Structure formats: structure tokens, C-alpha cells
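In what follows, a structure is listed as C-alpha cells, so that the remarks can point back to it.
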Amino acid sequence: MTTVTEQPTTTLKRGYVGQSIPRKEDRRLVQGLGTFFDDVRRHGMGYVHFVRSPYAHAKIVSIDVSKALELEGVYGTITGDEVAIHTDPFFEMSVEPGGNIKDYALAVGRVRFMGEPVAAVCAATRELARDAADLVEVDYDPLPVLVDAEESLKDDVVLHDDAGSNVVWSGVFNWGDVDEALAEADHVVKIDRLHFHRFSSTPLECAGALVEYDKGTGEWTLTCNHQMPGVGAIWMAPALRTGIDKLRFVTHDIGGGFGNKICLHPQYVVLCLMARKLGRPVQWTEWRTDQHTANAHGNERTFLDVEVAVKADGTMTGFKVKALDDCGAFPRYEPLGCIIWAQVTPGLYGWRNIQVDFTQVCTNKSPVSPNRGYSRMQHLWLTERIIDIVATELGLDPVDVRKKNYVKAEQMPYETPNGCFYDSGDYAAALDIALDLIDYGSIEQRRKEAASRGKLLGFGIGSTLDSGTNNFGQSTLLNPDLQFSGNNEAASVKLDIFGEVVVTIGTVPQGQGHETTAAQVVADILGCPPEQVNVRRGHDTWFNSHAGFSGTYASQFAFTGLGAVKGAAELVREDMIQLAAAVLQAPAEAIELADGFARIKDGPEEAALPFMALGAIVNANNAFFPPDFNPTLNHRYVCRPNFGMVDTEKKTGQLTLTYATQIHAALVEIDPETGEVEIVDYAAVDDCGVRINPQIVEGQVHGATAHAIGAALSEEFVYDEEGTLLTANFYDYHVPHAMDMPPLKTGAMESPSPVAPLGAKGMGEGGGGGIHCIGAAIQDALQAAGKAIVYTSCNPPHRVWSMLQDPEATRANVEVVSK
């Protein structure tokens, strides 16, 4: 049975929900008993290694695989020519010119970024495959390289001939009247340039898959760690010239995703071709350097010509900006990043007049993909930079400016200028919690104490929103012809013959604790302990309930994933009550589910049926049922959130449904001789509505903060003018270690969402607040040494040192026009 809902059906009685029960997943994981894709073996399988381009841009003159094939144990190869013959280019979302880009699973005719795969080799061992790949001879004819988005705009060098331009997509978003707001402002603050660097989350487990081909049925089974198989199949099936039903995705445990396991369709298509060509299972495990150079990076964005309208009392009424996004060599999941930022258009602030002139271009860098806070992180960093730069230039208190301009709690639900609805929250109260955690009143005394030791102390705030439950209808803002809208997720719940509660979910967990939280929700609905609820691990396209957009992404599990679980459990609960009422000969309203029994409320002890009895009656002892009585104890439920359609002309609509809040605050000390930054105090406050499992929430907050600290102080993908990635591994790309983490103070609020089935919002992508608060703290510290302006998202010691040496150069980017 399938039921679809647009609104929450009931309010869940909280029992296990809200408790930090131990994670069900941890029993196997901490004992080393988890199963990851790389643990799975098949008889006779081959190992695949990709031959990758050392050039950022070059014509492929020839590829000679003969020496590789001569090695004993090498099973076969695939080149770009074969890919072009046997597959079609991947589907592109953009309208022209971006929609004309031909993107194949291997480079065809030309390479466009360092590390792009040009061929693949399959051999009996992983080491042999790598050795054989070194024997593949590729003759390249180097071409001019583009590594700067502004240079790419000129189209002097065009990366994709069929497109005729490097512009993937462009459009103007205009809400309210920005020009009027600027004209009526007492101050206009102009910022020439801000830049958000490329970086990426770095999961413990790199990407990969084991792929098997069934020649008799034409079906592929991919045992993999793809985090969004529904969308993966949308790209892969047309390219492989097959139906989606021919692609079976199987995931077990996954060692982190963060978004960069969404765009794995190029590698997976090569594996599918190789498995079919060789008639054997093939396996690929990504190397860490390959993950850095050629998996996917987070969006790199430059903000130009920012103008902010400010009243005399510090109220900000609007801003305008030109945003230039560098998506790398191929759009792939892009240009969704060109519009997903609009989920959080005003940030946490009450701006009613906003204009964003957005352009995305291709360059000779790695393609980008979603990355923990996809596209919103960059935009929220912009809004926070605006707040702090304005406060600095006008001599205002950044705390007061925020509180004056925050959307107020009494305004919730708050409609943004572009038609999104912030569902609930109290941003000022969350900021107060963060300030208390770091003892805000003592900062000036601590600043003096740091100065006595020759250090510069600074304080910074980062305010962000984690928009959850993605409306794919926003893609029509890019291309009105796309047949996408809304979102959904599926789950099934059944009571088995021995009284076991079995749950399957469409989502693809990567460490978020889905098994635990789903069990908590079901346990409260069915009146049994979570230990009695078996949530099937991972995802299997053939056996799990799933929907078209199934996966784990966009902070939606708390809404759609658990909403589907809740709906299915409620249907099973109704069956159990009706069955118990019939057996116990009592009215349904007299039956309660509690302690693993269906029983008559306040009835005698014997007037109770254990779950095992209910399961046995339906599944093995049902002959006495009347013809019109059929409680199945087995239900599938689809949670379909209520978005409504977007307005493609006005670029308005509900682009997402829940808005969790993160307020981060940091104190840093800077050594003026070296530019070294030390975080000496740090607080993170999260409001994700109802916290299903507070301990899991706390873990997500810690993880997001670690990602933020890395992105703010050390993690950036740096290319030279030849397009060579200079930070291709952990030697040069420093991810924070445990010893790099500061003492972390956390606080929490609960503002239940009025639209979510459980009152819970998505969370876990709130690292953007940390990126900004550290940059703001650096800027505050530098005020004592020349009033430098922080204009980049990543500020390692050499960049901080350069700002100390020439603070005036940074201030050339900022101008205040007062009337």
C-alpha cells in the first residue's frame, strides 16, 4: 500500500525521540565489522585504474594501449574513442550555451583539466592495473589554459567548441527595488571584490564501486558508495543507452559523503562499460590524490561590485552584487549552484531589496559538485562579510548590527523577498547563547592580555542557515523546459511473523545515524523499544523502498526520510490496533500499543497480545479473517512535501522548507611576525528544531566545525597558471587533525518546525558559519595593526602575514559614500 501526504499527519508523542540513545550502527562499526564497498569481492574480478591527464588543457593526438595489454594479468582497456562510440554525452541541465557541452565518461579528443581520465586499465590486481596504466602512451598537444574565471568570460579560449562560449549560465535575480534602496540610504558601502576559495570535504573513504554485468538480462549491479543513486541513474542510464531499471545500486556502510559522492556517474559509466566488455566483475577504488585532483571541488565564487544600502542607525535595506562562479571544466551537477544559493537569499537578515547578477563559467580546473552547504555556504559567507565590513567601515558594533538586522522571532514564519519561508527560529537568542559561551564581556580584557604577549586578539561571528528539503523545481529557474519539481522520499515498515519490526529507507546513510533515528521514531509510534526495530543497513535499489530523488543530500532526511518512516509506521500501527481490537473483541479506541504489546487500556493483564502474536496471526494464522478484513502489517509510504510551483519569471517560490540556524563565534590570536592564527575560544550554537537524537546532532556540529576550520585556515585548492593543482594531496592540503581542533563549546536551541512531520529540521551543513567567524575574528584582530579587510574565505598564515604587511592594499577594495 502506498500513501502520499503533503502535510504532517499527527504530532509524534516524544519518548525515545529526543533521547541520546546509543547509535545502532556503532556496534558493528567500532568492532571493525562494517561492510564498505571495498570489502566486497567477487570471483575473477578485475581492478580498474584510470590513466589521467598531466595537462590542464590539451588535444589528445593518440592513445596507445598496446604495451599495457602485453602485461600478463591485464584483462583489457577502454579509451575515450570507445566511450564516444558506446555511450551518449551526459544530460546537461543548462540552456544554451551550457546545454551544448558534450561531457563523456572519458576525455574525447581533448582534456580540459589536470587529472581528467583519458583511459582505463583493468587487471588482476590493483597494483598491476596501476603499473599497466603507466605503460599507456598518450600523445598530447598542449593548448592555452584558463584558470581565472574573469579571463574565461572573454571567450578568447573556448573550452567546449559545441557550446561556443565558456559561459555555462547567466541570469539576474532582482527582488524589491535595489536602486531605490541605494538612493534613499544614508550610507552606501561599496566592496570591489570578495573571493570564496575552492575547497572540498574529505571523507575518510574515497569513492569507488564494484560493478557486475548480467549479459542475460542486460543489468548492472553497482556495489558502491554513491550517496544519491536516484539522480545518479538519471545521468547514467541515458548515457549507457539503457533503462533506469537496468541499474541496481547497492550501498552498505559509507565512510562519509558530504556531497562529493553525488557526481560519480563518469567513473561508474566507465566501470559499466568495462564489466560488459570483459564479461567479468570490475572494481575501482579511488586514490586520495585522484580524489583531490579529479573527483569534485566545492564551488569557487568571486563577488564583484557589491553595494550595500545602510541607514544612519545601521539598518541595512538592500544590496546588489555580481557573482561569478567557476564550475571547472564541466558543469555536471551544475548549474544548480547558480540558483540553489537563493534558498537563503537574505541570509539571516531582513533585507527586502536584493539584486544578484549571477554568471557561471568553465575553466581548466576540476569540475565542482555539492559540498556540505552547496552554494548556500558561499552566499551566506557573502552576507556575513557584508555585515562585518559595513560595521567596520561605519564604526558599528558587529553584535548590535546583527541584532538590529536579523529577522525577528516574532516574524516567523518569515517570507523572504524571493518567496521562501523561514519556518522558525530566534537568531538573536542563539547569538546570545554563543556570546555567553565565550564570555563576550571579557574580550577587551583578553585583548589587552594577548597584546602583553605580543599577540593580536580578534573576535568574530558567523551566522548561517542550513536550508533543508530541496525543491527540484528550482531547476526550472535555470531551464524552464526541465521536467523537475518538488521532492519525495519513501520508506516501508512491516511487522514480521516473529514480532520483529523491519524498516527499509530510501536514503543512503553515510554516517548520519539513520538506523538509530529511524528506530527511535518507529519505537515511539509502535510502542516498543528501539532494540526491537531493525532498520536495514544501506540502500538497495531492488529491495529498499525508494523514490525518484532518493538519497542523502540537502539536509532533508529529518523531513522526508523520517517523514516517510513516520507515515509508514503510523499505517502499520493502525493495522495493529484494528487486528488487536478484533482478536480481543474490544473497540479500537480501547487498544494501546506499549511495551511491545497491543493491549486493552486499563484492562486485565491477559488482555494483551505481544507483537509476535500479531505477526503470527497475519502471516501464518489468518484463515478466520472475514473477507473484508485485511490488516497487512506491511506498508510503504511516500513523503511528498508541499512546495507549490516556482515562478520562473519572477524567480520566486519555496525552494526549500526548513531552515536550521547555526551561530558560531570565535576568538583568535595572531602572531604578527608569522601570521600564524590560533583559535583560543570557539562556540557553536545550533537550532535544528526537534533534536531526534541530541548526541548525533552534537556530532554533526563538531564535524561541520572541523570542516569550517579547515576551510578558513588551510584548505584550498590552488592552481598555477598552467592549470597544475598545487595542493593535490594531504602533504599540501592540510585537513585539521584532532590536535588542530580548539576546545569547542556548543549550545543548542529547539525551535520546532511547523511544517516538518516531526518538527525536525535538516542539519549538519552549517560549517559556513565557522568559515566566516574565523575570517571575521582575523579582521578584528588586524584592526590594531592597520585595519586590514579580510576579502577571502581562506586565510592561512602567509595570507594573514601579507595583510599585516600591507593593510592599505586590502582597504582599496572598500569605499563608503555618505550622504
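Ligands are numbered from 1 in the order shown, residues from 1 within each chain, and chains are lettered A, B, ... in the order they appear in the C-alpha cells.
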### Message
List as a list in words the protein and nucleic acid residues near A:Thr202, meaning an atom at most 9 Å away when only C-alpha atoms are counted, but skip any in the same chain fewer than 3 places from it.
### Response
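Near A:Thr202, the qualifying residues are Glu205, Cys206, Gly256, Gly257, Phe258, Asn260, Gln291, His292, His707 and Val735 of chain A.
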Could the residues in this selection be written to a file with N, CA and C atoms, as an mmCIF file, in the first residue's frame?
data_model
loop_
_atom_site.group_PDB
_atom_site.id
_atom_site.type_symbol
_atom_site.label_atom_id
_atom_site.label_comp_id
_atom_site.auth_asym_id
_atom_site.auth_seq_id
_atom_site.Cartn_x
_atom_site.Cartn_y
_atom_site.Cartn_z
ATOM 1 N N GLU A 205 36.558 7.654 3.522
ATOM 2 C CA GLU A 205 36.548 6.661 2.452
ATOM 3 C C GLU A 205 36.440 7.372 1.114
ATOM 4 N N CYS A 206 37.379 7.111 0.230
ATOM 5 C CA CYS A 206 37.296 7.687 -1.112
ATOM 6 C C CYS A 206 36.203 6.966 -1.908
ATOM 7 N N GLY A 256 31.478 8.497 4.853
ATOM 8 C CA GLY A 256 31.347 9.931 4.610
ATOM 9 C C GLY A 256 31.053 10.243 3.161
ATOM 10 N N GLY A 257 30.319 11.316 2.942
ATOM 11 C CA GLY A 257 29.977 11.723 1.583
ATOM 12 C C GLY A 257 30.147 13.214 1.370
ATOM 13 N N PHE A 258 29.367 14.011 2.106
ATOM 14 C CA PHE A 258 29.446 15.470 2.108
ATOM 15 C C PHE A 258 29.124 16.112 0.760
ATOM 16 N N ASN A 260 30.430 15.134 -2.347
ATOM 17 C CA ASN A 260 31.304 14.767 -3.462
ATOM 18 C C ASN A 260 31.179 13.309 -3.868
ATOM 19 N N GLN A 291 41.224 11.783 -5.767
ATOM 20 C CA GLN A 291 40.057 12.424 -5.166
ATOM 21 C C GLN A 291 40.244 13.936 -5.126
ATOM 22 N N HIS A 292 41.448 14.379 -4.872
ATOM 23 C CA HIS A 292 41.720 15.811 -4.823
ATOM 24 C C HIS A 292 41.722 16.447 -6.217
ATOM 25 N N HIS A 707 35.238 20.989 9.512
ATOM 26 C CA HIS A 707 35.314 21.364 8.100
ATOM 27 C C HIS A 707 35.492 22.865 7.947
ATOM 28 N N VAL A 735 44.156 19.125 6.183
ATOM 29 C CA VAL A 735 42.869 18.951 6.846
ATOM 30 C C VAL A 735 43.104 18.953 8.354
#
### Query
A:Phe196: which residues within 12 Å, counting only C-alpha atoms, same-chain residues fewer than 3 positions away excluded, as a PyMOL selection string?
chain A and resi 193+199+298-304+323-326+375-382+385+711-712+715-717+768+771-772+775+790-795
### Message
Could you check the closest approach to A:Thr217 for each of A:Ser818, A:Asn813, A:Thr345, A:Thr242 and tell me which residue wins, using only C-alpha atoms?
### Response
A:Thr242
### Message
I need the residues in stretch 236-355 of chain A that are strand (DSSP E) according to DSSP; give them as an MDAnalysis selection string.
### Response
chainID A and resid 247:251 282:285 300:310 316:326 353:355
### Query
Near stretch 576-583 of chain A, within 10 Å and counting only C-alpha atoms, which residues show up once chain neighbours fewer than 4 positions away are dropped, as a PyMOL selection string?
chain A and resi 495+526+570-572+587-593+597-600+607-611+613-615+617-618+625+629-633
Would you list the contacts of A:Ser152 as a PDB file with all heavy atoms, in the first residue's frame, taking every protein, DNA or RNA residue within 10 Å and counting only C-alpha atoms, but skipping same-chain residues closer than 5 positions in sequence?
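Output (selection_12.pdb):
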ATOM      1  N   VAL A 145      45.636  27.661 -21.515  1.00  0.00           N
ATOM      2  CA  VAL A 145      44.960  27.267 -20.271  1.00  0.00           C
ATOM      3  C   VAL A 145      44.224  28.450 -19.661  1.00  0.00           C
ATOM      4  O   VAL A 145      44.740  29.575 -19.628  1.00  0.00           O
ATOM      5  CB  VAL A 145      45.993  26.712 -19.264  1.00  0.00           C
ATOM      6  CG1 VAL A 145      45.353  26.462 -17.907  1.00  0.00           C
ATOM      7  CG2 VAL A 145      46.619  25.433 -19.808  1.00  0.00           C
ATOM      8  N   LEU A 146      43.029  28.171 -19.157  1.00  0.00           N
ATOM      9  CA  LEU A 146      42.235  29.170 -18.428  1.00  0.00           C
ATOM     10  C   LEU A 146      42.103  28.722 -16.977  1.00  0.00           C
ATOM     11  O   LEU A 146      41.544  27.649 -16.703  1.00  0.00           O
ATOM     12  CB  LEU A 146      40.839  29.299 -19.031  1.00  0.00           C
ATOM     13  CG  LEU A 146      40.683  30.031 -20.362  1.00  0.00           C
ATOM     14  CD1 LEU A 146      39.251  29.876 -20.863  1.00  0.00           C
ATOM     15  CD2 LEU A 146      41.025  31.506 -20.212  1.00  0.00           C
ATOM     16  N   VAL A 147      42.611  29.516 -16.058  1.00  0.00           N
ATOM     17  CA  VAL A 147      42.428  29.197 -14.644  1.00  0.00           C
ATOM     18  C   VAL A 147      41.766  30.345 -13.897  1.00  0.00           C
ATOM     19  O   VAL A 147      41.561  30.261 -12.686  1.00  0.00           O
ATOM     20  CB  VAL A 147      43.776  28.848 -13.959  1.00  0.00           C
ATOM     21  CG1 VAL A 147      44.307  27.524 -14.478  1.00  0.00           C
ATOM     22  CG2 VAL A 147      44.796  29.960 -14.142  1.00  0.00           C
ATOM     23  N   VAL A 157      39.739  31.930 -25.352  1.00  0.00           N
ATOM     24  CA  VAL A 157      39.962  30.486 -25.464  1.00  0.00           C
ATOM     25  C   VAL A 157      38.648  29.822 -25.060  1.00  0.00           C
ATOM     26  O   VAL A 157      38.162  30.033 -23.948  1.00  0.00           O
ATOM     27  CB  VAL A 157      41.093  30.006 -24.529  1.00  0.00           C
ATOM     28  CG1 VAL A 157      41.240  28.497 -24.607  1.00  0.00           C
ATOM     29  CG2 VAL A 157      42.396  30.704 -24.880  1.00  0.00           C
ATOM     30  N   VAL A 158      38.059  29.055 -25.956  1.00  0.00           N
ATOM     31  CA  VAL A 158      36.782  28.402 -25.671  1.00  0.00           C
ATOM     32  C   VAL A 158      37.045  26.929 -25.379  1.00  0.00           C
ATOM     33  O   VAL A 158      37.651  26.226 -26.203  1.00  0.00           O
ATOM     34  CB  VAL A 158      35.790  28.550 -26.844  1.00  0.00           C
ATOM     35  CG1 VAL A 158      34.508  27.773 -26.572  1.00  0.00           C
ATOM     36  CG2 VAL A 158      35.478  30.029 -27.079  1.00  0.00           C
ATOM     37  N   LEU A 159      36.594  26.477 -24.220  1.00  0.00           N
ATOM     38  CA  LEU A 159      36.899  25.111 -23.794  1.00  0.00           C
ATOM     39  C   LEU A 159      36.029  24.068 -24.476  1.00  0.00           C
ATOM     40  O   LEU A 159      36.452  22.930 -24.657  1.00  0.00           O
ATOM     41  CB  LEU A 159      36.742  24.987 -22.270  1.00  0.00           C
ATOM     42  CG  LEU A 159      37.628  25.897 -21.411  1.00  0.00           C
ATOM     43  CD1 LEU A 159      37.551  25.477 -19.951  1.00  0.00           C
ATOM     44  CD2 LEU A 159      39.070  25.877 -21.883  1.00  0.00           C
ATOM     45  N   SER A 165      31.026  29.138 -26.170  1.00  0.00           N
ATOM     46  CA  SER A 165      31.288  30.118 -25.122  1.00  0.00           C
ATOM     47  C   SER A 165      31.650  29.375 -23.855  1.00  0.00           C
ATOM     48  O   SER A 165      31.279  28.213 -23.662  1.00  0.00           O
ATOM     49  CB  SER A 165      30.048  30.987 -24.883  1.00  0.00           C
ATOM     50  OG  SER A 165      30.215  31.797 -23.718  1.00  0.00           O
ATOM     51  N   ASN A 166      32.381  30.054 -22.975  1.00  0.00           N
ATOM     52  CA  ASN A 166      32.699  29.463 -21.683  1.00  0.00           C
ATOM     53  C   ASN A 166      31.609  29.695 -20.646  1.00  0.00           C
ATOM     54  O   ASN A 166      31.688  29.167 -19.534  1.00  0.00           O
ATOM     55  CB  ASN A 166      34.024  30.029 -21.159  1.00  0.00           C
ATOM     56  CG  ASN A 166      35.197  29.619 -22.026  1.00  0.00           C
ATOM     57  OD1 ASN A 166      35.275  28.483 -22.503  1.00  0.00           O
ATOM     58  ND2 ASN A 166      36.109  30.556 -22.265  1.00  0.00           N
ATOM     59  N   VAL A 167      30.623  30.500 -20.996  1.00  0.00           N
ATOM     60  CA  VAL A 167      29.536  30.785 -20.061  1.00  0.00           C
ATOM     61  C   VAL A 167      28.584  29.592 -20.016  1.00  0.00           C
ATOM     62  O   VAL A 167      28.025  29.176 -21.033  1.00  0.00           O
ATOM     63  CB  VAL A 167      28.771  32.056 -20.462  1.00  0.00           C
ATOM     64  CG1 VAL A 167      27.553  32.257 -19.553  1.00  0.00           C
ATOM     65  CG2 VAL A 167      29.687  33.271 -20.390  1.00  0.00           C
ATOM     66  N   ASP A 326      32.962  29.759 -10.777  1.00  0.00           N
ATOM     67  CA  ASP A 326      33.857  28.927 -11.585  1.00  0.00           C
ATOM     68  C   ASP A 326      33.510  27.466 -11.319  1.00  0.00           C
ATOM     69  O   ASP A 326      33.798  26.937 -10.254  1.00  0.00           O
ATOM     70  CB  ASP A 326      35.306  29.235 -11.183  1.00  0.00           C
ATOM     71  CG  ASP A 326      36.336  28.378 -11.900  1.00  0.00           C
ATOM     72  OD1 ASP A 326      35.935  27.434 -12.609  1.00  0.00           O
ATOM     73  OD2 ASP A 326      37.533  28.649 -11.735  1.00  0.00           O
ATOM     74  N   GLN A 360      28.017  31.885 -14.463  1.00  0.00           N
ATOM     75  CA  GLN A 360      28.896  30.734 -14.215  1.00  0.00           C
ATOM     76  C   GLN A 360      29.668  30.406 -15.477  1.00  0.00           C
ATOM     77  O   GLN A 360      29.102  30.425 -16.576  1.00  0.00           O
ATOM     78  CB  GLN A 360      28.085  29.519 -13.772  1.00  0.00           C
ATOM     79  CG  GLN A 360      28.951  28.342 -13.316  1.00  0.00           C
ATOM     80  CD  GLN A 360      28.113  27.206 -12.782  1.00  0.00           C
ATOM     81  OE1 GLN A 360      27.489  26.479 -13.545  1.00  0.00           O
ATOM     82  NE2 GLN A 360      28.088  27.045 -11.459  1.00  0.00           N
ATOM     83  N   VAL A 361      30.966  30.114 -15.307  1.00  0.00           N
ATOM     84  CA  VAL A 361      31.832  29.837 -16.450  1.00  0.00           C
ATOM     85  C   VAL A 361      32.627  28.561 -16.219  1.00  0.00           C
ATOM     86  O   VAL A 361      32.788  28.094 -15.093  1.00  0.00           O
ATOM     87  CB  VAL A 361      32.813  31.003 -16.706  1.00  0.00           C
ATOM     88  CG1 VAL A 361      32.074  32.263 -17.107  1.00  0.00           C
ATOM     89  CG2 VAL A 361      33.695  31.244 -15.480  1.00  0.00           C
ATOM     90  N   CYS A 362      33.127  28.029 -17.328  1.00  0.00           N
ATOM     91  CA  CYS A 362      34.046  26.887 -17.284  1.00  0.00           C
ATOM     92  C   CYS A 362      35.487  27.376 -17.275  1.00  0.00           C
ATOM     93  O   CYS A 362      35.817  28.393 -17.906  1.00  0.00           O
ATOM     94  CB  CYS A 362      33.842  25.989 -18.502  1.00  0.00           C
ATOM     95  SG  CYS A 362      32.390  24.933 -18.428  1.00  0.00           S
ATOM     96  N   THR A 363      36.343  26.657 -16.565  1.00  0.00           N
ATOM     97  CA  THR A 363      37.786  26.882 -16.598  1.00  0.00           C
ATOM     98  C   THR A 363      38.480  25.526 -16.634  1.00  0.00           C
ATOM     99  O   THR A 363      37.835  24.480 -16.520  1.00  0.00           O
ATOM    100  CB  THR A 363      38.269  27.656 -15.354  1.00  0.00           C
ATOM    101  OG1 THR A 363      37.998  26.860 -14.190  1.00  0.00           O
ATOM    102  CG2 THR A 363      37.595  29.013 -15.243  1.00  0.00           C
ATOM    103  N   ASN A 364      39.794  25.541 -16.765  1.00  0.00           N
ATOM    104  CA  ASN A 364      40.577  24.297 -16.796  1.00  0.00           C
ATOM    105  C   ASN A 364      40.931  23.841 -15.381  1.00  0.00           C
ATOM    106  O   ASN A 364      42.099  23.668 -15.019  1.00  0.00           O
ATOM    107  CB  ASN A 364      41.844  24.477 -17.625  1.00  0.00           C
ATOM    108  CG  ASN A 364      41.547  24.670 -19.093  1.00  0.00           C
ATOM    109  OD1 ASN A 364      41.906  25.686 -19.684  1.00  0.00           O
ATOM    110  ND2 ASN A 364      40.871  23.696 -19.699  1.00  0.00           N
TER     111      ASN A 364
END
### Query
Which residue gives the smallest distance to A:Tyr637 among A:Lys455, A:His664, A:Lys651, A:Lys494, with only C-alpha atoms counted?
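Under the stated criterion, the closest residue is A:Lys494.
With only C-alpha atoms as the basis for measurement, A:Asn174 is the residue among A:Gln411, A:Asn100, A:Asn174, A:Thr464 that approaches A:Phe358 most closely.
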### A:Ala428 environment, 8 Å, only C-alpha atoms, sequence neighbours closer than 6 positions dropped, as a list in words
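What passes the distance filter is Arg402, Lys403, Tyr406 and Lys408 of chain A.
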Output of the above residues as a compact mmCIF listing (two decimals), in the first residue's frame, restricted to C-alpha atoms:
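And here is the file that came out, part35.txt:
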# COMPACT_ATOMS: atom_id res chain seq x y z
CA ARG A 402 23.35 41.77 13.58
CA LYS A 403 20.63 42.04 16.20
CA TYR A 406 18.28 39.82 11.99
CA LYS A 408 12.96 38.61 14.42
### Query
Which neighbours of A:Cys688 fall inside 6 Å, counting only C-alpha atoms, when residues of the same chain fewer than 5 positions from it are skipped, and could you give them as a PyMOL selection string?
chain A and resi 660+761+763
### Task
Please provide as number ranges by chain all residues within 10 Å of A:Asp647, with the sequence filter that same-chain residues fewer than 4 positions apart are discarded (counting only C-alpha atoms).
A: 418-419, 473-474, 476-477, 480, 651-654
Atoms to include: all heavy atoms. Write the selected residues as a compact mmCIF listing (two decimals), in the first residue's frame.
# COMPACT_ATOMS: atom_id res chain seq x y z
N ASN A 418 12.27 36.51 -2.07
CA ASN A 418 12.08 35.64 -3.23
C ASN A 418 11.11 34.51 -2.96
O ASN A 418 11.08 33.51 -3.67
CB ASN A 418 13.43 35.08 -3.70
CG ASN A 418 14.13 34.25 -2.65
OD1 ASN A 418 14.15 34.61 -1.48
ND2 ASN A 418 14.71 33.13 -3.05
N GLY A 419 10.28 34.64 -1.91
CA GLY A 419 9.19 33.70 -1.72
C GLY A 419 9.49 32.45 -0.94
O GLY A 419 8.63 31.56 -0.85
N GLY A 473 12.15 21.78 -8.23
CA GLY A 473 11.52 22.72 -9.14
C GLY A 473 12.34 23.97 -9.36
O GLY A 473 12.17 24.67 -10.36
N GLN A 474 13.26 24.25 -8.44
CA GLN A 474 14.10 25.44 -8.62
C GLN A 474 14.98 25.30 -9.86
O GLN A 474 15.44 26.32 -10.41
CB GLN A 474 14.93 25.70 -7.39
CG GLN A 474 15.92 24.62 -7.01
CD GLN A 474 16.39 24.76 -5.58
OE1 GLN A 474 17.20 25.63 -5.26
NE2 GLN A 474 15.89 23.92 -4.69
N THR A 476 14.01 24.75 -12.70
CA THR A 476 13.34 25.41 -13.83
C THR A 476 13.68 26.89 -13.90
O THR A 476 13.41 27.55 -14.91
CB THR A 476 11.82 25.23 -13.75
OG1 THR A 476 11.33 25.78 -12.52
CG2 THR A 476 11.45 23.76 -13.82
N LEU A 477 14.28 27.44 -12.84
CA LEU A 477 14.80 28.80 -12.93
C LEU A 477 15.99 28.86 -13.87
O LEU A 477 16.31 29.91 -14.43
CB LEU A 477 15.21 29.30 -11.54
CG LEU A 477 14.11 29.37 -10.47
CD1 LEU A 477 14.68 29.86 -9.16
CD2 LEU A 477 12.96 30.25 -10.92
N PRO A 480 13.44 26.44 -18.02
CA PRO A 480 12.01 26.20 -17.82
C PRO A 480 11.50 24.90 -18.44
O PRO A 480 10.43 24.43 -18.08
CB PRO A 480 11.36 27.41 -18.50
CG PRO A 480 12.42 28.47 -18.51
CD PRO A 480 13.71 27.73 -18.67
N LYS A 651 11.30 34.46 -10.54
CA LYS A 651 12.32 33.72 -9.79
C LYS A 651 11.98 33.67 -8.30
O LYS A 651 12.80 33.97 -7.43
CB LYS A 651 13.72 34.31 -10.02
CG LYS A 651 14.22 34.20 -11.45
CD LYS A 651 15.65 34.71 -11.57
CE LYS A 651 16.23 34.47 -12.95
NZ LYS A 651 15.56 35.22 -14.01
N THR A 652 10.74 33.29 -8.04
CA THR A 652 10.27 33.19 -6.66
C THR A 652 9.62 31.84 -6.42
O THR A 652 9.22 31.15 -7.36
CB THR A 652 9.24 34.29 -6.35
OG1 THR A 652 8.13 34.16 -7.25
CG2 THR A 652 9.84 35.68 -6.48
N GLY A 653 9.50 31.49 -5.16
CA GLY A 653 8.85 30.24 -4.78
C GLY A 653 9.54 29.61 -3.59
O GLY A 653 10.60 30.06 -3.14
N GLN A 654 8.92 28.57 -3.04
CA GLN A 654 9.51 27.85 -1.92
C GLN A 654 10.56 26.89 -2.46
O GLN A 654 10.23 25.83 -2.98
CB GLN A 654 8.44 27.10 -1.14
CG GLN A 654 7.47 28.01 -0.40
CD GLN A 654 6.76 27.29 0.72
OE1 GLN A 654 7.37 26.92 1.73
NE2 GLN A 654 5.47 27.08 0.57
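Atom to atom, atom CA of A:Gln510 and atom CA of A:Gly689 stand 21.7 Å apart.
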### Task
Calculate how many Å separate atom CA of A:Gly279 from atom CA of A:Phe543, rounding to one decimal.
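Computing it gives 25.1 Å between the two atoms.
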### Task
From stretch 7-214 of chain A, collect each residue whose DSSP state is alpha helix (DSSP H) and return the set as JSON, numbers by chain.
{"A": [26, 27, 28, 29, 66, 67, 68, 69, 70, 80, 81, 82, 83, 84, 85, 86, 126, 127, 128, 129, 130, 131, 132, 133, 134, 135, 149, 150, 151, 152, 178, 179, 180, 181, 182, 183, 184]}
Emit the selected residues as an mmCIF file, in the first residue's frame, including C-alpha atoms.
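Generated output (out-v6.cif):
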data_model
loop_
_atom_site.group_PDB
_atom_site.id
_atom_site.type_symbol
_atom_site.label_atom_id
_atom_site.label_comp_id
_atom_site.auth_asym_id
_atom_site.auth_seq_id
_atom_site.Cartn_x
_atom_site.Cartn_y
_atom_site.Cartn_z
ATOM 1 C CA ASP A 26 28.194 1.669 16.202
ATOM 2 C CA ARG A 27 28.140 -1.914 17.437
ATOM 3 C CA ARG A 28 29.429 -3.181 14.102
ATOM 4 C CA LEU A 29 31.462 -0.124 13.138
ATOM 5 C CA SER A 66 49.420 -1.992 -26.647
ATOM 6 C CA LYS A 67 52.217 -2.132 -24.060
ATOM 7 C CA ALA A 68 49.713 -2.256 -21.223
ATOM 8 C CA LEU A 69 47.858 -5.140 -22.873
ATOM 9 C CA GLU A 70 51.096 -7.101 -23.250
ATOM 10 C CA GLY A 80 37.716 7.818 -24.961
ATOM 11 C CA ASP A 81 37.082 6.682 -28.528
ATOM 12 C CA GLU A 82 35.268 3.598 -27.254
ATOM 13 C CA VAL A 83 33.263 5.699 -24.827
ATOM 14 C CA ALA A 84 32.193 8.006 -27.658
ATOM 15 C CA ILE A 85 31.040 5.000 -29.709
ATOM 16 C CA HIS A 86 29.165 3.137 -26.995
ATOM 17 C CA ARG A 126 45.208 -3.224 -8.132
ATOM 18 C CA GLU A 127 48.971 -2.811 -8.310
ATOM 19 C CA LEU A 128 49.189 -4.410 -11.731
ATOM 20 C CA ALA A 129 46.443 -2.166 -13.049
ATOM 21 C CA ARG A 130 48.370 0.861 -11.850
ATOM 22 C CA ASP A 131 51.619 -0.375 -13.404
ATOM 23 C CA ALA A 132 49.846 -1.103 -16.678
ATOM 24 C CA ALA A 133 48.291 2.357 -16.685
ATOM 25 C CA ASP A 134 51.795 3.812 -16.587
ATOM 26 C CA LEU A 135 52.513 1.962 -19.852
ATOM 27 C CA ALA A 149 37.014 32.957 -14.230
ATOM 28 C CA GLU A 150 37.214 36.582 -15.331
ATOM 29 C CA GLU A 151 39.570 35.656 -18.156
ATOM 30 C CA SER A 152 37.210 32.851 -19.094
ATOM 31 C CA VAL A 178 17.617 47.916 -5.002
ATOM 32 C CA ASP A 179 18.219 51.182 -6.831
ATOM 33 C CA GLU A 180 15.631 52.958 -4.698
ATOM 34 C CA ALA A 181 17.112 51.492 -1.527
ATOM 35 C CA LEU A 182 20.573 52.729 -2.516
ATOM 36 C CA ALA A 183 19.202 56.151 -3.419
ATOM 37 C CA GLU A 184 17.445 56.520 -0.056
#
#### Entry: Residue among A:Thr87, A:Thr285, A:Asn534, A:Thr221 lying closest to A:Arg241, counting only C-alpha atoms
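Looking at the shortest contact to A:Arg241, the residue is A:Thr87.
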### Task
State, in Å with one decimal place, the distance from atom CA of A:Glu489 to atom CA of A:Trp220.
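Atom CA of A:Trp220 lies at a distance of 23.6 Å from atom CA of A:Glu489.
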